[in-house]
>>> print(open('my_file-v5.tsv').read())   # TSV, C-alpha atoms
chain	number	residue	atom	x	y	z
A	1	LEU	CA	188.77	12.78	162.85
A	2	SER	CA	191.07	9.87	163.49
A	3	GLN	CA	194.52	10.08	161.87
A	4	PRO	CA	193.65	7.56	159.08
A	5	GLU	CA	190.38	9.40	158.31
A	6	ALA	CA	192.17	12.76	158.19
A	7	THR	CA	194.94	11.34	155.95
A	8	ASP	CA	192.33	9.90	153.54
A	9	ALA	CA	190.40	13.21	153.47
A	10	LEU	CA	193.59	15.15	152.67
A	11	SER	CA	194.66	12.64	149.99
A	12	ALA	CA	191.27	13.00	148.32
A	13	LYS	CA	191.95	16.74	148.02
A	14	GLY	CA	195.49	16.20	146.71
A	15	PHE	CA	197.48	16.88	149.89
A	16	ALA	CA	200.11	14.78	151.65
A	17	ALA	CA	199.83	14.29	155.44
A	18	GLN	CA	202.52	14.28	158.07
A	19	ALA	CA	201.76	13.49	161.73
A	20	VAL	CA	203.25	15.09	164.86
A	21	GLU	CA	202.41	13.47	168.21
A	22	VAL	CA	201.01	15.72	170.93
A	23	LYS	CA	200.32	14.66	174.55
A	24	SER	CA	196.60	14.99	175.09
A	25	ASP	CA	193.60	13.82	177.11
A	26	GLU	CA	191.77	13.14	173.82
A	27	PRO	CA	191.52	9.53	172.61
A	28	GLN	CA	194.76	8.26	171.07
A	29	GLY	CA	195.00	8.92	167.32
A	30	THR	CA	192.52	11.83	167.30
A	31	VAL	CA	193.60	14.76	165.12
A	32	LEU	CA	193.78	17.87	167.32
A	33	SER	CA	194.76	20.43	164.69
A	34	SER	CA	196.40	20.88	161.30
A	35	ASP	CA	198.96	23.24	159.81
A	36	PRO	CA	197.85	24.94	157.65
A	37	GLU	CA	194.46	25.05	159.38
A	38	GLN	CA	191.22	23.87	157.83
A	39	GLY	CA	189.86	26.32	155.22
A	40	HIS	CA	193.23	27.86	154.28
A	41	ARG	CA	194.48	27.78	150.68
A	42	ALA	CA	197.51	25.60	149.94
A	43	GLU	CA	199.31	24.30	146.86
A	44	GLU	CA	198.08	20.98	145.56
A	45	GLY	CA	200.52	18.26	146.62
A	46	SER	CA	201.78	20.27	149.61
A	47	THR	CA	202.13	18.63	153.02
A	48	VAL	CA	199.68	19.25	155.83
A	49	THR	CA	201.03	18.64	159.33
A	50	LEU	CA	198.53	16.91	161.64
A	51	SER	CA	198.82	17.17	165.43
A	52	VAL	CA	197.73	13.73	166.61
A	53	ALA	CA	196.79	12.89	170.22
A	54	VAL	CA	198.92	10.43	172.16
A	55	PRO	CA	198.20	9.52	175.80
A	56	ARG	CA	200.04	11.00	178.75
A	57	ILE	CA	202.19	8.35	180.45
A	58	VAL	CA	203.38	8.46	184.06
A	59	PRO	CA	207.18	8.75	183.60
A	60	THR	CA	209.81	6.54	185.25
A	61	ILE	CA	210.98	8.83	188.04
A	62	VAL	CA	211.82	6.49	190.95
A	63	GLY	CA	215.43	7.19	191.94
A	64	ALA	CA	215.39	10.66	190.36
A	65	THR	CA	215.53	13.89	192.39
A	66	SER	CA	212.26	15.65	193.20
A	67	GLU	CA	213.25	18.46	190.78
A	68	GLU	CA	213.84	15.99	187.93
A	69	ALA	CA	210.52	14.30	188.74
A	70	ALA	CA	208.68	17.64	188.68
A	71	GLN	CA	210.15	18.46	185.26
A	72	ALA	CA	209.26	15.02	183.84
A	73	LEU	CA	205.67	15.24	185.13
A	74	GLU	CA	205.29	18.80	183.83
A	75	ALA	CA	206.59	17.71	180.41
A	76	GLU	CA	203.80	15.10	180.29
A	77	GLY	CA	201.28	17.81	181.20
A	78	PHE	CA	200.19	16.51	184.62
A	79	THR	CA	198.67	19.24	186.79
A	80	ALA	CA	197.45	17.41	189.93
A	81	VAL	CA	200.77	16.26	191.41
A	82	THR	CA	201.09	15.80	195.19
A	83	TYR	CA	204.38	15.23	196.99
A	84	THR	CA	204.55	13.22	200.22
A	85	GLU	CA	207.58	12.61	202.41
A	86	GLU	CA	208.85	9.33	203.80
A	87	LYS	CA	211.85	8.79	206.06
A	88	SER	CA	214.56	6.91	204.20
A	89	ASN	CA	218.29	6.21	204.11
A	90	GLU	CA	218.21	7.37	200.46
A	91	ALA	CA	219.54	10.86	199.73
A	92	ALA	CA	217.11	13.62	200.73
A	93	GLY	CA	214.83	14.53	197.83
A	94	THR	CA	215.16	11.16	196.06
A	95	VAL	CA	211.88	9.84	194.61
A	96	LEU	CA	210.99	6.57	196.37
A	97	ALA	CA	207.66	5.84	194.66
A	98	VAL	CA	205.04	7.21	192.26
A	99	SER	CA	201.35	6.37	192.14
A	100	PRO	CA	199.94	5.40	189.71
A	101	GLU	CA	203.09	3.50	188.77
A	102	ALA	CA	205.37	4.46	185.89
A	103	GLY	CA	204.07	3.49	182.44
A	104	THR	CA	200.41	4.00	183.38
A	105	GLU	CA	198.27	6.13	181.04
A	106	ALA	CA	196.61	9.04	182.83
A	107	LYS	CA	194.79	12.27	182.05
A	108	SER	CA	196.31	15.68	182.87
A	109	GLY	CA	194.02	16.23	185.88
A	110	ASP	CA	194.41	12.72	187.37
A	111	ALA	CA	195.97	12.67	190.85
A	112	ILE	CA	199.64	11.70	190.82
A	113	THR	CA	201.37	11.08	194.17
A	114	VAL	CA	205.15	11.24	194.38
A	115	THR	CA	206.84	9.94	197.55
A	116	VAL	CA	210.12	11.72	198.31
A	117	ALA	CA	212.85	10.70	200.78
A	118	VAL	CA	213.57	12.77	203.86
A	119	PRO	CA	216.46	11.83	206.17
A	120	TYR	CA	216.12	10.15	209.54
A	121	THR	CA	217.06	12.54	212.34
A	122	VAL	CA	218.00	11.80	215.93
A	123	PRO	CA	214.95	12.74	218.06
A	124	ASP	CA	215.22	15.07	221.06
A	125	VAL	CA	214.85	12.80	224.11
A	126	GLU	CA	216.16	15.17	226.79
A	127	GLY	CA	214.07	14.97	229.97
A	128	MET	CA	212.45	11.62	229.10
A	129	SER	CA	212.83	8.51	231.23
A	130	GLU	CA	215.56	6.14	230.03
A	131	ALA	CA	212.93	3.63	228.80
A	132	ASP	CA	210.95	6.27	226.87
A	133	ALA	CA	214.12	7.75	225.37
A	134	LYS	CA	215.31	4.30	224.23
A	135	ALA	CA	211.87	3.59	222.73
A	136	ALA	CA	211.89	6.91	220.82
A	137	LEU	CA	215.36	6.21	219.41
A	138	GLN	CA	214.54	2.60	218.52
A	139	ALA	CA	211.35	3.76	216.76
A	140	GLU	CA	213.67	5.55	214.28
A	141	GLY	CA	215.58	2.28	213.80
A	142	TYR	CA	218.63	3.21	215.87
A	143	GLU	CA	220.79	0.81	217.91
A	144	VAL	CA	220.89	2.37	221.39
A	145	THR	CA	223.69	2.11	223.97
A	146	SER	CA	223.10	3.74	227.36
A	147	GLU	CA	225.90	5.36	229.34
A	148	TRP	CA	225.84	7.10	232.71
A	149	TYR	CA	226.20	10.87	232.86
A	150	THR	CA	227.21	11.82	236.37
A	151	THR	CA	225.30	14.85	237.66
A	152	GLU	CA	223.51	15.97	240.80
A	153	ASP	CA	221.30	18.49	238.94
A	154	ILE	CA	219.05	16.08	237.04
A	155	GLU	CA	216.85	13.32	238.42
A	156	GLU	CA	218.48	9.90	238.24
A	157	GLY	CA	217.42	7.80	235.22
A	158	THR	CA	216.49	10.85	233.11
A	159	ALA	CA	217.81	11.17	229.55
A	160	VAL	CA	220.34	14.01	229.36
A	161	SER	CA	221.51	13.93	225.72
A	162	THR	CA	222.53	11.74	222.81
A	163	ASP	CA	225.60	11.29	220.63
A	164	PRO	CA	225.08	12.29	217.81
A	165	ALA	CA	223.07	15.25	219.12
A	166	ALA	CA	219.31	15.64	218.69
A	167	GLY	CA	218.42	16.88	215.20
A	168	SER	CA	221.45	15.28	213.53
A	169	GLU	CA	220.77	13.48	210.26
A	170	LEU	CA	221.67	9.82	210.77
A	171	ASN	CA	220.73	6.74	208.77
A	172	SER	CA	218.35	4.27	210.36
A	173	GLY	CA	220.30	1.28	211.71
A	174	SER	CA	223.12	3.48	213.05
A	175	GLU	CA	224.29	3.47	216.66
A	176	VAL	CA	223.29	6.22	219.09
A	177	THR	CA	224.69	6.67	222.58
A	178	LEU	CA	222.09	7.73	225.16
A	179	TYR	CA	223.45	9.58	228.18
A	180	VAL	CA	221.37	8.98	231.30
A	181	ALA	CA	221.62	11.04	234.51
A	182	HIS	CA	223.36	9.21	237.35
A	183	SER	CA	223.95	10.57	240.82
A	184	ARG	CA	227.35	10.06	242.45
A	185	ALA	CA	225.48	10.06	245.79
A	186	THR	CA	223.59	6.91	244.76
A	187	GLU	CA	226.91	5.28	243.90
A	188	LEU	CA	228.40	6.25	247.27
A	189	VAL	CA	225.35	4.98	249.19
A	190	ASP	CA	225.62	1.66	247.32
A	191	LEU	CA	229.33	1.44	248.10
A	192	THR	CA	228.73	2.27	251.75
A	193	ARG	CA	226.12	-0.48	252.05
>>> encode(input="my_file-v5.tsv", output="structure tokens")
Amino acid sequence: LSQPEATDALSAKGFAAQAVEVKSDEPQGTVLSSDPEQGHRAEEGSTVTLSVAVPRIVPTIVGATSEEAAQALEAEGFTAVTYTEEKSNEAAGTVLAVSPEAGTEAKSGDAITVTVAVPYTVPDVEGMSEADAKAALQAEGYEVTSEWYTTEDIEEGTAVSTDPAAGSELNSGSEVTLYVAHSRATELVDLTR
């Protein structure tokens, strides 16, 4: 029954009704159960507690940690939650987005997608050409400055390393120095000419 129908039915039998909201996939206001249960003896005038369905709502979790988001979604009873990662300058594990958006009514089995921040990291460009290495670093949003690294062991124009080193967590927009192999012999030939 709906809550008003259940309250009327209980009043007709001489009972008072008290409602407790319960997250449910049932239509809002539907009575899910009663305490004491139907068919049990109770004193006339006693109170019957009704568990009444309220919709599950996607919680406001943007800006929370992934752990806090998981707890909030579990508390609402959502079971089909998927986490995706997106590179961001936000702290690792911070929730960047939720779909459907916060405040939306949804059933327990509806798909919920939570987008979580992962840090930008300096890519490994060792062995690439200078142009390819610069492109890889710029694709992560880094400002790239090239400097010569004098060596006779690596082909001229080849990326040797970066500062900060490959794998370092570094916000997008930061500066990265790219060290490119340069042969002293080439320099001497140019000077001789």
>>> atom_distance(input="my_file-v5.tsv", atom1="atom CA of Lys23 of chain A", atom2="atom CA of Ala9 of chain A")
23.3 Å
>>> closest_residue(input="my_file-v5.tsv", among="A:Glu90, A:Glu152, A:Asp190, A:Asp124", to="Asn171 of chain A", atoms="all atoms listed in the file")
A:Glu90
>>> closest_atom_pairs(input="my_file-v5.tsv", of="segment 92-188 of chain A", to="segment 75-79 of chain A", cutoff="10 Å", atoms="all atoms listed in the file", output="CSV")
residue,atom,partner,partner_atom,distance
A:Ala106,CA,A:Phe78,CA,8.5
A:Lys107,CA,A:Phe78,CA,7.3
A:Ser108,CA,A:Phe78,CA,4.3
A:Gly109,CA,A:Thr79,CA,5.6
A:Asp110,CA,A:Phe78,CA,7.4
A:Ala111,CA,A:Thr79,CA,8.2
A:Ile112,CA,A:Phe78,CA,7.9
>>> closest_residue(input="my_file-v5.tsv", among="A:Gln71, A:Ser66, A:Gln28, A:Thr192", to="Glu85 of chain A", atoms="all atoms listed in the file")
A:Ser66
>>> atom_distance(input="my_file-v5.tsv", atom1="atom CA of Glu175 of chain A", atom2="atom CA of Gly63 of chain A")
26.5 Å
>>> atom_distance(input="my_file-v5.tsv", atom1="atom CA of Gly141 of chain A", atom2="atom CA of Ser174 of chain A")
7.7 Å
